[in-house]
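Below is one structure, written out as structure tokens, with a few remarks after it.
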6 protein chains.
Amino acid sequence: MVYLTRKAEFSASHYYHNPEFTPEENARIFGKCNNAHGHGHNYTLEVTVKGTVDPKSGFVVDLKQLKEIMNREVLDAFDHRFLNMEVPEFAKRIPTTENVAIAIWQRLASKLKAAQLHRVRVYETPDLFVDFYGEA
Amino acid sequence: MVYLTRKAEFSASHYYHNPEFTPEENARIFGKCNNAHGHGHNYTLEVTVKGTVDPKSGFVVDLKQLKEIMNREVLDAFDHRFLNMEVPEFAKRIPTTENVAIAIWQRLASKLKAAQLHRVRVYETPDLFVDFYGEA
Amino acid sequence: MVYLTRKAEFSASHYYHNPEFTPEENARIFGKCNNAHGHGHNYTLEVTVKGTVDPKSGFVVDLKQLKEIMNREVLDAFDHRFLNMEVPEFAKRIPTTENVAIAIWQRLASKLKAAQLHRVRVYETPDLFVDFYGEA
Amino acid sequence: MVYLTRKAEFSASHYYHNPEFTPEENARIFGKCNNAHGHGHNYTLEVTVKGTVDPKSGFVVDLKQLKEIMNREVLDAFDHRFLNMEVPEFAKRIPTTENVAIAIWQRLASKLKAAQLHRVRVYETPDLFVDFYGEA
Amino acid sequence: MVYLTRKAEFSASHYYHNPEFTPEENARIFGKCNNAHGHGHNYTLEVTVKGTVDPKSGFVVDLKQLKEIMNREVLDAFDHRFLNMEVPEFAKRIPTTENVAIAIWQRLASKLKAAQLHRVRVYETPDLFVDFYGEA
Amino acid sequence: MVYLTRKAEFSASHYYHNPEFTPEENARIFGKCNNAHGHGHNYTLEVTVKGTVDPKSGFVVDLKQLKEIMNREVLDAFDHRFLNMEVPEFAKRIPTTENVAIAIWQRLASKLKAAQLHRVRVYETPDLFVDFYGEA
């Protein structure tokens, strides 16, 4: 059983706002992130899959396939986008790093075949990241 | 004569669009960056000053002062902002990394006292950066 | 259940010495780290908390609060300090990276509210780090 | 119980080829990595050991000893080598990152004394890494 | 006048050997790098161009074009290759980092149009890099 | 003419204090760095030499020799030391990053033979560095 991780990057913008909060609550809870014009990040995504090593190829997963799935399911939809307006998961859910990681897990989990999705890590900045393992 | 460099980071969003171009030109020249919703980056800013070392303090520049100037003149204005709409320099100039570096030079050059501004470097991503030395 | 990690840095000095060891033992076991004048590091601290995502805010933890707790409980006490002489935990315990990580855990574990402390990671240098999960 | 990790680097070359595959299969499955001249990487190795902290030294493991074991068992054999031809484990096993991590685990696991090997992580590039915990 | 730098990576192998040297000289001068099987690196390439900013686009150089030139002239030829055997410049010149940087300069200098090549930087490892400015 | 740079690291402690200043001046000018117990950093040193490429070896400088000179002249003296008390240059000069860079230049400039010292860069932290080119 080995765990293989592949990194990728995407650049996106977002802002934090809950229409059920008062303007004061939105300002207090979300601070500078409440600016409706949005601001942005170079997100770093790490996708970890686990499985046994195929003795013929030495691979736990076909790396080209993993890259294609990450591109098609995540990067094509998130890169150079305003997450709140252009990615459906965030029409009603606030695109915090926590929710971005969960949304990416949900996009990837059913698409992987040979190996099993183990962890999604999302860095919003080099100093802040979230891990999601699919735990309820 | 020594050169001292201080780094800082800010998160902002932007998009590229020239109203004098046709939609086709904007799409061809700016690609994914032409999306009017904007997208974002964790920008890294490096400010380099040069000067002689004060024999009493061992400093070429007072670091606290340099930090305050960078915060007041640049970070407070750029961080968590949509550059096209919220930073005056980009009302008419496209906020490419080149123009961001020039704008930051113009904001800082006259504010430094003991030491002289030598270089402004702006990273848009870890793989792309621009240097400006104030050369015409 | 998500895991959120925040990084911070502090600069401190330390040395390794056990008064119960002979000078020869101290020199053999601790090598260059036995120099009583001390030497220093830019430590990197990663604090990981776990919890469920608040559906209203999208947060597992209030990031401003987490930052304040890390500053007040750890950075204010450790940054720009000689750990052996100025941080009480190391009056009798040797400030190895192992013991630094445990001390930070003990300072933080009871202070967090909504989320639960999951891991403290301390890098002494980019090539050496310790993880502590509160396990006895 | 603490976990201590030490990093090291080695530069090696390799290529991917299974003599039981047809040339077409080798080309399709391994792509550019099938080039028999080999190509290379700066591998980064992270070795994590776990154990309790010795109250006299503050160490979970003697760092000099850990470094010597990593040098003698791994780096001396792998650094500046063509893995397929010069490292016996890869005479018949393809030197994928997965198999490199497993081979390093097998070289180290029995050599550590006070502490127990917990994880071997191998980065082939900054964007691709494998973790092995000795799980069957 | 601004300077724009774009990074890219390639993985290649090489070895150092001068047929005019005796085996003893080759071993003494080149050490572990003299191993004829080759060993490898993840090279990082930084290409810096300089020019004036086009007021219509805000660009000093068309980034897509720069990327295509770097891919076509350098990466397609160097990536996943054994430099001594597969890149013509190194049939007779030793592929040291110095000579790799010069060869890349020569491949790129005449291909750039709007902007002028200013510097080629090549990292062989994170701790060793060479700059070439086209100076005789 | 090429420029070759080699990095190295050392861990040291220091504090800032000018006996000609009043305690209030020392506190105001040096802030937390005035703590006489000292605090520390993982310094990163980059040494750049320039010269022409030897056509026989492909080297601008013998890398083993450069490493030995850096170790003997700088690292053996600075690593795991309290700079103010244990490095003679700082008996009377304050060990700011500026003065550390100048002292390293003075230690290295006369020791290099084939190639010429071009630049000494010293990082005190990842966010602060000084360059010295030997300019008066």
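Ordered as shown in the structure tokens, chains take letters A, B, and onward, while each chain numbers its residues from 1 and ligands are numbered from 1 in the order shown.
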
Write out as a PyMOL selection string which residues come within 9 Å of C:Thr44 when counting only C-alpha atoms, dropping same-chain ones fewer than 3 positions away.
chain C and resi 7-11+121-126+129

Who sits within 9 Å of F:Asn99, only C-alpha atoms, same chain under 2 positions skipped, as a list of chain:residue names:
B:Val53, B:Gly58, B:Phe59, F:Glu89, F:Phe90, F:Arg93, F:Ile94, F:Pro95, F:Thr96, F:Thr97, F:Ala101, F:Ile102, F:Ala103, F:Ile104

For C-alpha atoms, I'd like the residues from the last selection saved as a compact mmCIF listing (two decimals), in the first residue's frame.
```
# COMPACT_ATOMS: atom_id res chain seq x y z
CA VAL B 53 25.81 51.18 6.10
CA GLY B 58 24.81 48.75 11.14
CA PHE B 59 21.70 49.41 9.03
CA GLU F 89 34.52 40.94 13.23
CA PHE F 90 31.54 41.50 15.51
CA ARG F 93 30.66 45.94 14.70
CA ILE F 94 26.96 45.13 15.13
CA PRO F 95 26.14 41.82 13.40
CA THR F 96 23.32 43.14 11.21
CA THR F 97 22.68 41.31 7.97
CA ALA F 101 27.49 40.14 4.28
CA ILE F 102 30.45 42.55 4.29
CA ALA F 103 32.42 40.37 6.72
CA ILE F 104 31.85 37.29 4.57
```

One decimal, in Å: what's the spacing between atom CA of C:Lys50 and atom CA of C:Asp79?
25.8 Å

Specify as an NGL selection string all residues of chain A found within 9 Å of chain D, counting only C-alpha atoms.
:A and (1-8 or 46 or 48 or 52-53 or 55-60 or 62)

Please produce a file of those selected residues containing N, CA and C atoms, as a short mmCIF file (atom, residue, chain, number, x, y, z; two decimals), in the first residue's frame.
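Result file follows (again_17.cif):
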```cif
data_model
loop_
_atom_site.label_atom_id
_atom_site.label_comp_id
_atom_site.auth_asym_id
_atom_site.auth_seq_id
_atom_site.Cartn_x
_atom_site.Cartn_y
_atom_site.Cartn_z
N MET A 1 0.85 -1.20 0.00
CA MET A 1 0.00 0.00 0.00
C MET A 1 0.88 1.25 0.00
N VAL A 2 0.81 2.01 -1.07
CA VAL A 2 1.55 3.27 -1.11
C VAL A 2 0.59 4.42 -1.38
N TYR A 3 1.05 5.61 -1.04
CA TYR A 3 0.26 6.84 -1.21
C TYR A 3 1.02 7.73 -2.18
N LEU A 4 0.38 8.12 -3.25
CA LEU A 4 1.03 8.97 -4.24
C LEU A 4 0.31 10.31 -4.31
N THR A 5 1.10 11.38 -4.32
CA THR A 5 0.53 12.73 -4.32
C THR A 5 1.02 13.52 -5.52
N ARG A 6 0.10 14.17 -6.16
CA ARG A 6 0.43 15.03 -7.29
C ARG A 6 -0.05 16.45 -6.99
N LYS A 7 0.82 17.42 -7.26
CA LYS A 7 0.46 18.83 -7.04
C LYS A 7 0.04 19.49 -8.34
N ALA A 8 -0.80 20.51 -8.20
CA ALA A 8 -1.15 21.36 -9.33
C ALA A 8 -1.51 22.73 -8.78
N GLU A 46 -3.06 19.53 -3.74
CA GLU A 46 -2.36 18.25 -3.68
C GLU A 46 -3.41 17.14 -3.61
N THR A 48 -3.92 13.13 -3.18
CA THR A 48 -3.25 11.90 -2.77
C THR A 48 -4.16 10.71 -3.02
N THR A 52 -2.24 -0.40 -4.20
CA THR A 52 -1.08 -1.29 -4.24
C THR A 52 -0.35 -1.05 -5.56
N VAL A 53 0.93 -1.38 -5.56
CA VAL A 53 1.76 -1.13 -6.72
C VAL A 53 1.57 -2.26 -7.74
N PRO A 55 2.64 -4.76 -10.19
CA PRO A 55 4.00 -5.29 -10.38
C PRO A 55 4.51 -5.14 -11.81
N LYS A 56 3.63 -5.02 -12.77
CA LYS A 56 4.08 -4.89 -14.16
C LYS A 56 4.56 -3.48 -14.49
N SER A 57 3.86 -2.46 -13.98
CA SER A 57 4.23 -1.09 -14.33
C SER A 57 5.00 -0.39 -13.22
N GLY A 58 4.90 -0.90 -12.01
CA GLY A 58 5.52 -0.21 -10.89
C GLY A 58 4.71 1.00 -10.43
N PHE A 59 3.52 1.17 -10.97
CA PHE A 59 2.69 2.34 -10.67
C PHE A 59 1.54 1.98 -9.72
N VAL A 60 1.17 2.89 -8.85
CA VAL A 60 -0.06 2.73 -8.08
C VAL A 60 -1.22 3.33 -8.88
N ASP A 62 -1.97 5.39 -12.94
CA ASP A 62 -1.44 5.92 -14.20
C ASP A 62 -1.36 7.45 -14.06
#
```

Atom CA of C:Val61 to atom CA of C:Lys113, straight-line distance in Å
8.7 Å

Determine which residues of stretch 20-58 of chain B receive a DSSP assignment of strand (DSSP E), computed from the backbone, and state them as a list in words.
His39, Gly40, His41, Asn42, Tyr43, Thr44, Leu45, Glu46, Val47, Thr48, Val49, Lys50 and Gly51 of chain B

As a list in words, please: the residues near stretch 64-70 of chain E (cut-off 8 Å, only C-alpha atoms, same-chain neighbours under 4 positions excluded).
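Within the cut-off, the hits are Val74, Leu75, Leu108, Lys111 and Leu112 of chain E.
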
Restricting the output to all heavy atoms, write the selected residues as an mmCIF file, in the first residue's frame.
```cif
data_model
loop_
_atom_site.group_PDB
_atom_site.id
_atom_site.type_symbol
_atom_site.label_atom_id
_atom_site.label_comp_id
_atom_site.auth_asym_id
_atom_site.auth_seq_id
_atom_site.Cartn_x
_atom_site.Cartn_y
_atom_site.Cartn_z
ATOM 1 N N VAL E 74 14.079 24.610 -26.282
ATOM 2 C CA VAL E 74 14.856 24.059 -25.164
ATOM 3 C C VAL E 74 14.210 22.810 -24.580
ATOM 4 O O VAL E 74 14.789 21.730 -24.590
ATOM 5 C CB VAL E 74 15.048 25.123 -24.048
ATOM 6 C CG1 VAL E 74 15.901 24.533 -22.916
ATOM 7 C CG2 VAL E 74 15.689 26.379 -24.609
ATOM 8 N N LEU E 75 12.989 22.929 -24.054
ATOM 9 C CA LEU E 75 12.437 21.827 -23.265
ATOM 10 C C LEU E 75 12.223 20.574 -24.099
ATOM 11 O O LEU E 75 12.515 19.463 -23.646
ATOM 12 C CB LEU E 75 11.139 22.262 -22.586
ATOM 13 C CG LEU E 75 11.297 23.468 -21.654
ATOM 14 C CD1 LEU E 75 9.994 23.739 -20.919
ATOM 15 C CD2 LEU E 75 12.421 23.272 -20.661
ATOM 16 N N LEU E 108 18.115 30.418 -27.725
ATOM 17 C CA LEU E 108 17.008 31.365 -27.565
ATOM 18 C C LEU E 108 17.262 32.749 -28.172
ATOM 19 O O LEU E 108 16.321 33.406 -28.637
ATOM 20 C CB LEU E 108 16.685 31.559 -26.072
ATOM 21 C CG LEU E 108 16.064 30.373 -25.345
ATOM 22 C CD1 LEU E 108 15.933 30.695 -23.857
ATOM 23 C CD2 LEU E 108 14.696 30.023 -25.933
ATOM 24 N N LYS E 111 15.775 33.827 -31.453
ATOM 25 C CA LYS E 111 14.369 33.486 -31.686
ATOM 26 C C LYS E 111 13.394 34.501 -31.110
ATOM 27 O O LYS E 111 12.224 34.522 -31.475
ATOM 28 C CB LYS E 111 14.052 32.111 -31.074
ATOM 29 C CG LYS E 111 14.832 30.958 -31.682
ATOM 30 C CD LYS E 111 14.562 30.821 -33.159
ATOM 31 C CE LYS E 111 15.273 29.623 -33.755
ATOM 32 N NZ LYS E 111 16.742 29.600 -33.545
ATOM 33 N N LEU E 112 13.870 35.323 -30.176
ATOM 34 C CA LEU E 112 12.982 36.311 -29.566
ATOM 35 C C LEU E 112 12.881 37.527 -30.457
ATOM 36 O O LEU E 112 13.866 37.955 -31.055
ATOM 37 C CB LEU E 112 13.537 36.707 -28.189
ATOM 38 C CG LEU E 112 13.557 35.561 -27.182
ATOM 39 C CD1 LEU E 112 14.442 35.916 -26.003
ATOM 40 C CD2 LEU E 112 12.149 35.256 -26.712
#
```

At what distance in Å, to one decimal, does atom CA of C:Leu45 lie from atom CA of F:Ala36?
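Answer for the atom CA of F:Ala36 to atom CA of C:Leu45 separation: 24.3 Å.
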
Could you find all residues in stretch 22-120 of chain E that DSSP calls alpha helix (DSSP H) from the backbone, and write them as a PyMOL selection string?
chain E and resi 23-30+63-70+76-78+83-86+97-108

So which residues touch F:His37 within 8 Å, counting only C-alpha atoms, skipping near sequence neighbours fewer than 5 positions away, as a list of chain:residue names?
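Here the answer would be C:Arg81, C:Phe82, C:Met85, F:Tyr15.
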